$ cat data.tsv   # TSV, C-alpha atoms
chain	number	residue	atom	x	y	z
R	11	ASP	CA	0.00	0.00	0.00
R	12	GLY	CA	1.85	3.09	-1.25
R	13	SER	CA	-0.35	5.63	0.54
R	14	ASN	CA	2.24	6.46	3.20
R	15	TYR	CA	5.37	6.01	1.08
R	16	ARG	CA	7.41	8.51	-0.88
R	17	GLY	CA	7.74	6.06	-3.72
R	18	TRP	CA	9.90	2.97	-4.17
R	19	GLN	CA	13.47	4.26	-4.44
R	20	VAL	CA	15.48	5.06	-1.30
R	21	GLN	CA	15.51	8.76	-0.43
R	22	ALA	CA	17.33	10.84	2.17
R	23	GLN	CA	14.10	11.47	4.08
R	24	GLY	CA	10.76	9.71	4.30
R	25	ARG	CA	9.60	6.11	4.02
R	26	THR	CA	10.14	4.29	0.73
R	27	GLY	CA	9.41	0.73	-0.32
R	28	GLN	CA	13.04	-0.08	-1.02
R	29	GLY	CA	14.20	1.60	2.18
R	30	GLU	CA	11.78	-0.24	4.47
R	31	LEU	CA	12.52	-3.62	2.92
R	32	GLU	CA	16.29	-3.11	3.03
R	33	LYS	CA	16.06	-2.06	6.66
R	34	THR	CA	14.04	-5.15	7.55
R	35	LEU	CA	16.31	-7.55	5.64
R	36	SER	CA	19.38	-5.99	7.26
R	37	ARG	CA	17.87	-6.59	10.70
R	38	ARG	CA	17.00	-10.17	9.76
R	39	PHE	CA	20.53	-11.05	8.55
R	40	ASN	CA	22.36	-8.74	10.98
R	41	ARG	CA	24.26	-7.06	8.14
R	42	THR	CA	23.62	-4.53	5.40
R	43	VAL	CA	21.40	-6.00	2.67
R	44	LYS	CA	20.77	-4.13	-0.58
R	45	ILE	CA	17.91	-5.00	-2.90
R	46	VAL	CA	17.08	-4.29	-6.55
R	47	GLY	CA	13.50	-3.68	-7.64
R	48	ALA	CA	12.05	-4.38	-11.08
R	49	GLY	CA	10.60	-0.89	-11.32
R	50	ARG	CA	10.15	2.39	-9.49
R	51	THR	CA	6.86	3.85	-8.32
R	52	ASP	CA	5.96	7.43	-7.42
R	53	ALA	CA	4.82	8.61	-4.01
R	54	GLY	CA	1.33	7.31	-3.29
R	55	VAL	CA	1.42	4.66	-6.02
R	56	HIS	CA	0.72	1.06	-5.00
R	57	ALA	CA	2.53	-2.15	-5.98
R	58	ARG	CA	0.77	-5.47	-5.65
R	59	GLY	CA	3.32	-7.29	-7.82
R	60	GLN	CA	6.68	-5.59	-7.37
R	61	ALA	CA	9.59	-8.00	-7.88
R	62	ILE	CA	13.01	-7.73	-6.22
R	63	HIS	CA	16.24	-9.65	-5.87
R	64	PHE	CA	18.90	-9.67	-3.16
R	65	ASP	CA	21.94	-11.82	-2.36
R	66	VAL	CA	22.52	-14.13	0.60
R	67	TYR	CA	25.57	-16.12	1.65
R	68	PRO	CA	25.44	-19.95	1.67
R	69	HIS	CA	25.88	-20.12	5.45
R	70	GLU	CA	22.82	-17.89	5.92
R	71	VAL	CA	20.53	-20.36	4.19
R	72	VAL	CA	19.59	-22.36	7.26
R	73	ALA	CA	16.08	-23.49	8.12
R	74	LYS	CA	14.90	-24.81	11.45
R	75	GLY	CA	14.15	-28.51	11.31
R	76	ASP	CA	15.70	-29.03	7.87
R	77	ILE	CA	19.45	-29.67	7.95
R	78	ASP	CA	19.51	-30.38	4.20
R	79	ASP	CA	18.12	-27.00	3.19
R	80	SER	CA	20.41	-25.09	0.83
R	81	LEU	CA	20.44	-22.59	-2.00
R	82	ASP	CA	19.79	-25.47	-4.39
R	83	GLU	CA	16.48	-26.23	-2.68
R	84	CYS	CA	15.16	-23.10	-1.01
R	85	GLY	CA	12.37	-25.07	0.70
R	86	ASN	CA	11.81	-24.38	4.37
R	87	PHE	CA	14.32	-21.54	4.46
R	88	CYS	CA	12.30	-19.44	1.99
R	89	ARG	CA	9.04	-20.17	3.79
R	90	GLN	CA	10.53	-19.28	7.16
R	91	LEU	CA	12.20	-16.15	5.78
R	92	GLN	CA	8.88	-14.98	4.31
R	93	ARG	CA	7.11	-15.55	7.62
R	94	SER	CA	9.89	-13.78	9.52
R	95	LEU	CA	9.96	-10.72	7.26
R	96	ASN	CA	6.19	-10.33	7.29
R	97	GLY	CA	6.29	-10.39	11.08
R	98	MET	CA	8.85	-7.57	11.10
R	99	LEU	CA	7.36	-5.32	8.39
R	100	GLU	CA	4.65	-2.73	8.97
R	101	GLN	CA	1.14	-3.80	8.01
R	102	ASP	CA	1.16	-1.77	4.78
R	103	MET	CA	3.85	-4.00	3.24
R	104	ARG	CA	4.08	-7.77	2.74
R	105	VAL	CA	6.43	-10.10	0.85
R	106	TYR	CA	5.45	-13.34	-0.85
R	107	ASN	CA	6.75	-15.95	-3.27
R	108	ILE	CA	10.33	-15.89	-1.98
R	109	THR	CA	12.37	-18.35	-4.00
R	110	LYS	CA	15.83	-18.92	-5.41
R	111	SER	CA	16.52	-16.93	-8.56
R	112	PRO	CA	16.80	-18.76	-11.90
R	113	PRO	CA	20.26	-19.81	-13.17
R	114	PRO	CA	22.45	-17.49	-15.31
R	115	MET	CA	20.97	-16.74	-18.71
R	116	ASP	CA	21.97	-15.26	-22.05
R	117	PHE	CA	21.63	-11.49	-22.40
R	118	LYS	CA	21.92	-9.57	-25.64
R	119	LEU	CA	24.10	-6.52	-25.11
R	120	ARG	CA	23.82	-3.16	-26.87
R	121	ASP	CA	26.66	-4.04	-29.26
R	122	GLY	CA	24.74	-7.12	-30.40
R	123	SER	CA	26.91	-9.64	-28.58
R	124	VAL	CA	25.45	-12.24	-26.23
R	125	ARG	CA	26.83	-12.99	-22.77
R	126	LYS	CA	25.73	-15.36	-20.04
R	127	LEU	CA	25.04	-13.29	-16.93
R	128	LYS	CA	23.39	-13.74	-13.56
R	129	TRP	CA	19.61	-13.45	-13.51
R	130	HIS	CA	18.62	-9.85	-12.82
R	131	VAL	CA	15.18	-8.62	-11.80
R	132	ILE	CA	15.39	-5.58	-14.12
R	133	TYR	CA	17.06	-7.01	-17.20
R	134	SER	CA	15.21	-10.35	-17.02
R	135	ALA	CA	11.79	-8.68	-16.90
R	136	GLU	CA	9.80	-9.00	-20.12
R	137	LYS	CA	6.65	-7.00	-19.42
R	138	LYS	CA	4.84	-5.13	-16.65
R	139	LEU	CA	1.14	-4.88	-15.94
R	140	TYR	CA	-0.21	-1.67	-14.43
R	141	THR	CA	-3.79	-0.86	-13.51
R	142	TYR	CA	-5.43	2.50	-12.94
R	143	ARG	CA	-8.76	2.52	-11.12
R	144	ILE	CA	-11.29	5.29	-11.71
R	145	SER	CA	-14.88	6.04	-10.80
R	146	LEU	CA	-17.08	7.66	-13.45
R	147	LYS	CA	-20.09	8.11	-11.20
R	148	PRO	CA	-21.99	11.37	-11.78
R	149	LYS	CA	-20.67	14.36	-9.84
R	150	ALA	CA	-23.76	14.38	-7.64
R	151	VAL	CA	-23.04	10.81	-6.53
R	152	THR	CA	-20.66	10.57	-3.58
R	153	ALA	CA	-17.48	8.60	-4.17
R	154	ASP	CA	-16.93	5.53	-2.00
R	155	PRO	CA	-14.73	6.73	0.90
R	156	THR	CA	-13.35	3.22	1.47
R	157	GLN	CA	-11.64	3.43	-1.92
R	158	ARG	CA	-10.20	6.91	-1.58
R	159	TYR	CA	-6.62	5.60	-1.54
R	160	THR	CA	-7.02	3.18	-4.46
R	161	ARG	CA	-9.48	4.77	-6.90
R	162	VAL	CA	-9.82	8.26	-8.38
R	163	HIS	CA	-13.25	9.87	-8.79
R	164	VAL	CA	-13.17	11.62	-12.18
R	165	ASP	CA	-14.71	15.09	-11.96
R	166	GLY	CA	-16.38	15.30	-15.35
R	167	ILE	CA	-18.60	13.50	-17.85
R	168	VAL	CA	-16.80	10.63	-19.59
R	169	ASP	CA	-18.15	8.30	-22.27
R	170	PRO	CA	-16.47	4.94	-21.48
R	171	GLU	CA	-16.60	3.80	-25.12
R	172	TYR	CA	-14.90	7.00	-26.28
R	173	LEU	CA	-12.31	6.70	-23.52
R	174	GLN	CA	-11.47	3.17	-24.66
R	175	ASN	CA	-10.99	4.39	-28.23
R	176	ILE	CA	-8.62	7.11	-27.01
R	177	LEU	CA	-6.62	4.66	-24.90
R	178	HIS	CA	-6.12	2.39	-27.94
R	179	HIS	CA	-4.01	5.15	-29.54
R	180	TYR	CA	-1.24	4.34	-27.05
R	181	GLU	CA	-0.82	0.76	-28.24
R	182	GLY	CA	2.38	0.02	-30.13
R	183	ALA	CA	5.86	1.57	-30.02
R	184	HIS	CA	5.87	5.36	-29.62
R	185	ASP	CA	8.14	8.12	-28.44
R	186	PHE	CA	6.50	9.02	-25.11
R	187	ARG	CA	8.69	12.09	-24.45
R	188	ALA	CA	5.59	14.30	-24.15
R	189	PHE	CA	4.12	11.89	-21.58
R	190	ALA	CA	7.11	11.58	-19.25
R	191	GLY	CA	8.26	13.78	-16.40
R	192	ALA	CA	11.68	15.32	-15.75
R	193	ILE	CA	13.30	13.95	-18.92
R	194	GLU	CA	15.56	16.96	-19.50
R	195	ALA	CA	16.51	17.19	-15.80
R	196	ASN	CA	17.39	13.49	-15.69
R	197	GLN	CA	19.49	13.84	-18.85
R	198	ARG	CA	21.53	16.60	-17.22
R	199	LYS	CA	21.82	14.62	-13.99
R	200	GLN	CA	22.99	11.47	-15.78
R	201	GLY	CA	25.27	13.39	-18.13
R	202	ILE	CA	23.68	12.07	-21.32
R	203	GLU	CA	22.74	14.07	-24.40
R	204	LYS	CA	19.49	12.30	-25.20
R	205	LYS	CA	17.49	9.69	-23.34
R	206	ASP	CA	15.73	6.95	-25.30
R	207	THR	CA	12.05	7.72	-24.77
R	208	VAL	CA	10.56	5.10	-27.12
R	209	ARG	CA	8.46	2.58	-25.20
R	210	THR	CA	6.14	-0.23	-26.30
R	211	VAL	CA	2.58	-0.62	-25.03
R	212	TYR	CA	1.34	-4.12	-25.85
R	213	SER	CA	-2.26	-3.58	-24.81
R	214	ILE	CA	-4.42	-1.10	-22.95
R	215	LYS	CA	-8.06	-1.70	-22.13
R	216	LEU	CA	-10.87	-0.26	-20.06
R	217	ILE	CA	-12.63	-2.85	-17.90
R	218	ASP	CA	-16.08	-2.25	-16.43
R	219	GLU	CA	-16.11	-3.10	-12.71
R	220	GLU	CA	-19.82	-2.14	-12.47
R	221	ASN	CA	-21.64	0.66	-10.66
R	222	GLY	CA	-19.67	3.35	-12.47
R	223	ASP	CA	-16.25	1.96	-11.52
R	224	TYR	CA	-13.65	1.10	-14.17
R	225	ARG	CA	-10.14	-0.32	-14.32
R	226	ILE	CA	-7.59	0.59	-16.99
R	227	GLU	CA	-5.14	-2.26	-17.63
R	228	ILE	CA	-1.83	-1.35	-19.29
R	229	LEU	CA	0.61	-4.06	-20.40
R	230	LEU	CA	3.95	-2.65	-21.50
R	231	LYS	CA	7.64	-3.35	-21.78
R	232	GLY	CA	8.68	-0.56	-19.45
R	233	ALA	CA	7.63	2.96	-18.53
R	234	LEU	CA	9.30	6.35	-18.24
R	235	TYR	CA	8.99	8.48	-15.12
R	236	LYS	CA	5.27	9.30	-14.54
R	237	MET	CA	4.50	7.97	-18.03
R	238	VAL	CA	1.46	5.87	-17.08
R	239	ARG	CA	-0.09	8.63	-14.98
R	240	ASN	CA	0.46	11.14	-17.80
R	241	MET	CA	-1.08	8.74	-20.31
R	242	VAL	CA	-4.20	8.35	-18.17
R	243	GLY	CA	-4.44	12.05	-17.34
R	244	THR	CA	-4.16	13.05	-21.01
R	245	ALA	CA	-6.69	10.43	-22.16
R	246	LEU	CA	-9.19	11.59	-19.52
R	247	ASP	CA	-8.76	15.22	-20.62
R	248	VAL	CA	-9.49	14.25	-24.23
R	249	SER	CA	-12.52	12.19	-23.20
R	250	MET	CA	-13.95	15.18	-21.30
R	251	GLY	CA	-13.30	17.63	-24.15
R	252	ARG	CA	-10.56	19.52	-22.32
R	253	LEU	CA	-7.95	18.55	-24.92
R	254	ASP	CA	-8.40	18.00	-28.64
R	255	GLU	CA	-7.82	14.39	-29.70
R	256	ASN	CA	-5.69	15.54	-32.65
R	257	VAL	CA	-3.38	17.43	-30.29
R	258	MET	CA	-2.87	14.24	-28.29
R	259	LEU	CA	-2.06	12.34	-31.49
R	260	GLN	CA	0.40	15.04	-32.55
R	261	MET	CA	2.24	14.68	-29.24
R	262	LEU	CA	2.21	10.90	-29.51
R	263	HIS	CA	3.39	10.72	-33.12
R	264	HIS	CA	5.42	13.99	-33.06
R	265	SER	CA	3.54	15.21	-36.14
R	266	PRO	CA	2.84	18.98	-36.18
R	267	ASP	CA	0.07	20.65	-38.13
R	268	GLU	CA	0.28	20.57	-41.91
R	269	GLY	CA	2.76	23.11	-43.22
R	270	GLU	CA	4.69	23.36	-39.95
R	271	ALA	CA	8.28	22.22	-39.52
R	272	PRO	CA	8.90	18.81	-37.92
R	273	LYS	CA	8.86	19.01	-34.14
R	274	GLN	CA	9.70	16.77	-31.23
R	275	PHE	CA	7.08	17.36	-28.59
R	276	VAL	CA	8.21	17.39	-24.94
R	277	ARG	CA	6.40	17.29	-21.61
R	278	LYS	CA	5.87	21.07	-21.43
R	279	ASP	CA	3.89	20.84	-24.68
R	280	ASN	CA	1.41	18.55	-22.94
R	281	LYS	CA	-0.89	20.74	-20.85
R	282	SER	CA	-2.63	17.79	-19.18
R	283	LYS	CA	-1.74	17.00	-15.59
R	284	PRO	CA	-0.72	13.48	-14.56
R	285	ALA	CA	-3.56	11.45	-13.08
R	286	PRO	CA	-3.39	11.29	-9.25
R	287	PRO	CA	-1.03	8.61	-7.87
R	288	GLU	CA	-3.52	6.74	-5.68
R	289	GLY	CA	-5.33	5.18	-8.64
R	290	LEU	CA	-2.21	3.46	-9.99
R	291	THR	CA	-0.96	-0.03	-9.06
R	292	LEU	CA	1.95	-2.09	-10.38
R	293	GLU	CA	0.14	-5.42	-10.59
R	294	LYS	CA	2.74	-7.83	-11.94
R	295	VAL	CA	6.18	-8.15	-13.47
R	296	TYR	CA	6.45	-10.86	-16.13
R	297	PHE	CA	9.60	-12.90	-16.70
R	298	ASP	CA	10.68	-15.39	-19.37
R	299	ASP	CA	8.56	-18.34	-18.23
R	300	ASP	CA	5.44	-16.32	-17.35
R	301	GLU	CA	2.33	-16.25	-19.49
R	302	PHE	CA	1.15	-12.80	-20.49
$ encode --input "data.tsv" --output "structure tokens"
Amino acid sequence: DGSNYRGWQVQAQGRTGQGELEKTLSRRFNRTVKIVGAGRTDAGVHARGQAIHFDVYPHEVVAKGDIDDSLDECGNFCRQLQRSLNGMLEQDMRVYNITKSPPPMDFKLRDGSVRKLKWHVIYSAEKKLYTYRISLKPKAVTADPTQRYTRVHVDGIVDPEYLQNILHHYEGAHDFRAFAGAIEANQRKQGIEKKDTVRTVYSIKLIDEENGDYRIEILLKGALYKMVRNMVGTALDVSMGRLDENVMLQMLHHSPDEGEAPKQFVRKDNKSKPAPPEGLTLEKVYFDDDEF
């Protein structure tokens, strides 16, 4: 539950998902333990299916009542570790499905060569599934207060069929520079001239959860900073008539009006605000042997 977190990545101040989990693992093993997460989330965003990896030493893999337990057969050790961590963590975070990572695998490098490297939660990930939950109940109808941290009540009239048509525009490979936050600042910080902002959206659909509630499901390869929230916020603005659909398509395809010079649209060209964080959840990270 990301409501009381300042996002996933460790920060100097405030609770983060990575920080809390590293702190708990370090207490459990009585040493500093660093973890790697499959993806970052913003402050207030939830993660039901975040995936991580961390390293342990062979002598630490000991389970009560099972002298044969080892890294080859995680068995009781993984079950006991999961139970132990969940007893130490705050109630807004839980771990599950602790297991030994897969064996080393072939990775294709940027120069085209292939090397066998250790399994890595970021580089081994194939796809990620995000959901964004909204309520399209009429303005006069009170939003459900029990869902205030997981669903956003849209303040405006939205035709669900039209919204689905707008969302379909995102499918495929596009340059999402106009839908990502802090691109230029991150480029300066990382010392790179230009960040690759092309991302692939495999599918995006609007699912009716009844009684005016809907869920947007987005399956993609990977996302830029605030990209999913900007996608949803822009699509909602178009569906409510606050932004022209052609303007959205221009920003997505980087195609200016006829007669104008070619232009690469950036975030400041997109006047839509990102959708609020509480509606967004990282549902699952898919790896090689997972079904999409």
$ atom_distance --input "data.tsv" --atom1 "CA of Thr51 (chain R)" --atom2 "CA of Thr34 (chain R)"
19.6 Å
$ closest_residue --input "data.tsv" --among "R:His163, R:Arg25, R:Lys138, R:Arg120" --to "Ala150 (chain R)" --atoms "all atoms listed in the file"
R:His163
$ closest_residue --input "data.tsv" --among "R:Met250, R:Val46, R:Leu99, R:Val276" --to "Val164 (chain R)" --atoms "all atoms listed in the file"
R:Met250
$ residues_near_point --input "data.tsv" --point "(-0.4, 22.0, -21.6)" --cutoff "12 Å" --atoms "only C-alpha atoms" --output "VMD selection string"
chain R and resid 188 to 189 240 243 to 244 247 252 to 254 257 to 258 261 275 to 284
$ residues_near_point --input "data.tsv" --point "(-12.3, 4.4, -25.5)" --cutoff "10 Å" --atoms "only C-alpha atoms" --output "PyMOL selection string"
chain R and resi 168-179+214-216+245-246+249
$ closest_residue --input "data.tsv" --among "R:His263, R:Lys205, R:Arg161, R:Lys236" --to "Asp223 (chain R)" --atoms "all atoms listed in the file"
R:Arg161
$ closest_residue --input "data.tsv" --among "R:Lys294, R:Lys147, R:His63, R:His264" --to "Tyr224 (chain R)" --atoms "only C-alpha atoms"
R:Lys147
$ residues_around --input "data.tsv" --residues "Val131 (chain R)" --least-positions-apart "5" --cutoff "7 Å" --atoms "all atoms listed in the file" --output "PyMOL selection string"
chain R and resi 47-48+61-63
$ atom_distance --input "data.tsv" --atom1 "CA of Arg209 (chain R)" --atom2 "CA of Leu234 (chain R)"
8.0 Å
$ atom_distance --input "data.tsv" --atom1 "CA of His130 (chain R)" --atom2 "CA of Glu288 (chain R)"
28.6 Å
$ closest_residue --input "data.tsv" --among "R:Leu35, R:Ile132, R:Gln101, R:Asn107" --to "Cys88 (chain R)" --atoms "all atoms listed in the file"
R:Asn107
$ closest_residue --input "data.tsv" --among "R:Ala53, R:Leu95, R:Val72, R:Met115" --to "Glu32 (chain R)" --atoms "only C-alpha atoms"
R:Leu95
$ residues_around --input "data.tsv" --residues "Arg89 (chain R)" --least-positions-apart "5" --cutoff "10 Å" --atoms "only C-alpha atoms" --output "list in words"
Ala73, Cys84, Ser94, Tyr106, Asn107, Ile108 and Thr109 of chain R
$ decode --input "data.tsv" --residues "region 212-224 of chain R" --atoms "all heavy atoms" --output "CSV table (one decimal), in the first residue's frame"
chain,number,residue,atom,x,y,z
R,212,TYR,N,1.9,-2.9,-25.2
R,212,TYR,CA,1.3,-4.1,-25.9
R,212,TYR,C,-0.2,-4.1,-25.9
R,212,TYR,O,-0.8,-4.5,-26.9
R,212,TYR,CB,1.8,-5.4,-25.2
R,212,TYR,CG,3.3,-5.5,-25.2
R,212,TYR,CD1,4.1,-5.3,-24.1
R,212,TYR,CD2,4.0,-5.9,-26.4
R,212,TYR,CE1,5.5,-5.4,-24.2
R,212,TYR,CE2,5.3,-6.1,-26.5
R,212,TYR,CZ,6.1,-5.8,-25.4
R,212,TYR,OH,7.5,-5.9,-25.4
R,213,SER,N,-0.8,-3.7,-24.8
R,213,SER,CA,-2.3,-3.6,-24.8
R,213,SER,C,-2.7,-2.6,-23.7
R,213,SER,O,-2.0,-2.4,-22.7
R,213,SER,CB,-2.9,-5.0,-24.6
R,213,SER,OG,-2.6,-5.4,-23.3
R,214,ILE,N,-3.8,-2.0,-24.0
R,214,ILE,CA,-4.4,-1.1,-23.0
R,214,ILE,C,-5.9,-1.2,-23.1
R,214,ILE,O,-6.5,-1.0,-24.2
R,214,ILE,CB,-3.9,0.3,-23.1
R,214,ILE,CG1,-4.5,1.3,-22.0
R,214,ILE,CG2,-4.1,0.9,-24.5
R,214,ILE,CD1,-3.8,2.6,-21.9
R,215,LYS,N,-6.6,-1.5,-22.0
R,215,LYS,CA,-8.1,-1.7,-22.1
R,215,LYS,C,-8.8,-1.2,-20.9
R,215,LYS,O,-8.2,-1.1,-19.8
R,215,LYS,CB,-8.4,-3.2,-22.4
R,215,LYS,CG,-7.7,-4.1,-21.4
R,215,LYS,CD,-8.0,-5.6,-21.8
R,215,LYS,CE,-7.2,-6.6,-20.9
R,215,LYS,NZ,-7.4,-8.0,-21.3
R,216,LEU,N,-10.0,-0.8,-21.1
R,216,LEU,CA,-10.9,-0.3,-20.1
R,216,LEU,C,-11.8,-1.4,-19.7
R,216,LEU,O,-12.6,-1.9,-20.5
R,216,LEU,CB,-11.6,1.0,-20.6
R,216,LEU,CG,-12.5,1.7,-19.5
R,216,LEU,CD1,-11.7,2.3,-18.4
R,216,LEU,CD2,-13.4,2.8,-20.2
R,217,ILE,N,-11.8,-1.7,-18.4
R,217,ILE,CA,-12.6,-2.8,-17.9
R,217,ILE,C,-13.7,-2.3,-17.0
R,217,ILE,O,-13.4,-1.6,-16.0
R,217,ILE,CB,-11.7,-3.9,-17.2
R,217,ILE,CG1,-10.7,-4.5,-18.2
R,217,ILE,CG2,-12.6,-5.0,-16.6
R,217,ILE,CD1,-9.7,-5.4,-17.5
R,218,ASP,N,-14.9,-2.7,-17.2
R,218,ASP,CA,-16.1,-2.3,-16.4
R,218,ASP,C,-16.1,-3.1,-15.1
R,218,ASP,O,-16.3,-4.3,-15.2
R,218,ASP,CB,-17.4,-2.4,-17.2
R,218,ASP,CG,-18.6,-1.8,-16.6
R,218,ASP,OD1,-18.5,-1.4,-15.4
R,218,ASP,OD2,-19.6,-1.7,-17.2
R,219,GLU,N,-16.0,-2.4,-14.0
R,219,GLU,CA,-16.1,-3.1,-12.7
R,219,GLU,C,-17.5,-2.9,-12.1
R,219,GLU,O,-17.7,-3.2,-10.9
R,219,GLU,CB,-15.0,-2.6,-11.8
R,219,GLU,CG,-13.6,-3.0,-12.3
R,219,GLU,CD,-12.5,-2.6,-11.3
R,219,GLU,OE1,-12.5,-1.5,-10.7
R,219,GLU,OE2,-11.6,-3.5,-11.1
R,220,GLU,N,-18.4,-2.3,-12.8
R,220,GLU,CA,-19.8,-2.1,-12.5
R,220,GLU,C,-20.0,-1.0,-11.5
R,220,GLU,O,-19.1,-0.5,-10.8
R,220,GLU,CB,-20.4,-3.4,-11.9
R,220,GLU,CG,-20.4,-4.6,-12.8
R,220,GLU,CD,-21.1,-5.8,-12.2
R,220,GLU,OE1,-21.4,-5.8,-11.0
R,220,GLU,OE2,-21.3,-6.8,-13.0
R,221,ASN,N,-21.2,-0.5,-11.5
R,221,ASN,CA,-21.6,0.7,-10.7
R,221,ASN,C,-20.8,1.9,-10.9
R,221,ASN,O,-20.5,2.7,-9.9
R,221,ASN,CB,-21.6,0.3,-9.2
R,221,ASN,CG,-22.5,-0.9,-8.9
R,221,ASN,OD1,-23.6,-0.9,-9.3
R,221,ASN,ND2,-22.0,-1.8,-8.1
R,222,GLY,N,-20.4,2.1,-12.1
R,222,GLY,CA,-19.7,3.3,-12.5
R,222,GLY,C,-18.2,3.3,-12.2
R,222,GLY,O,-17.5,4.2,-12.5
R,223,ASP,N,-17.7,2.1,-11.8
R,223,ASP,CA,-16.2,2.0,-11.5
R,223,ASP,C,-15.6,1.2,-12.7
R,223,ASP,O,-16.2,0.3,-13.2
R,223,ASP,CB,-16.0,1.2,-10.2
R,223,ASP,CG,-16.4,1.9,-9.0
R,223,ASP,OD1,-16.4,3.2,-9.0
R,223,ASP,OD2,-16.6,1.3,-7.9
R,224,TYR,N,-14.4,1.7,-13.0
R,224,TYR,CA,-13.6,1.1,-14.2
R,224,TYR,C,-12.2,0.9,-13.8
R,224,TYR,O,-11.7,1.6,-12.9
R,224,TYR,CB,-13.7,2.0,-15.4
R,224,TYR,CG,-15.1,2.1,-16.0
R,224,TYR,CD1,-16.1,2.9,-15.5
R,224,TYR,CD2,-15.4,1.2,-17.1
R,224,TYR,CE1,-17.3,3.0,-16.1
R,224,TYR,CE2,-16.7,1.3,-17.7
R,224,TYR,CZ,-17.7,2.1,-17.1
R,224,TYR,OH,-18.9,2.2,-17.7
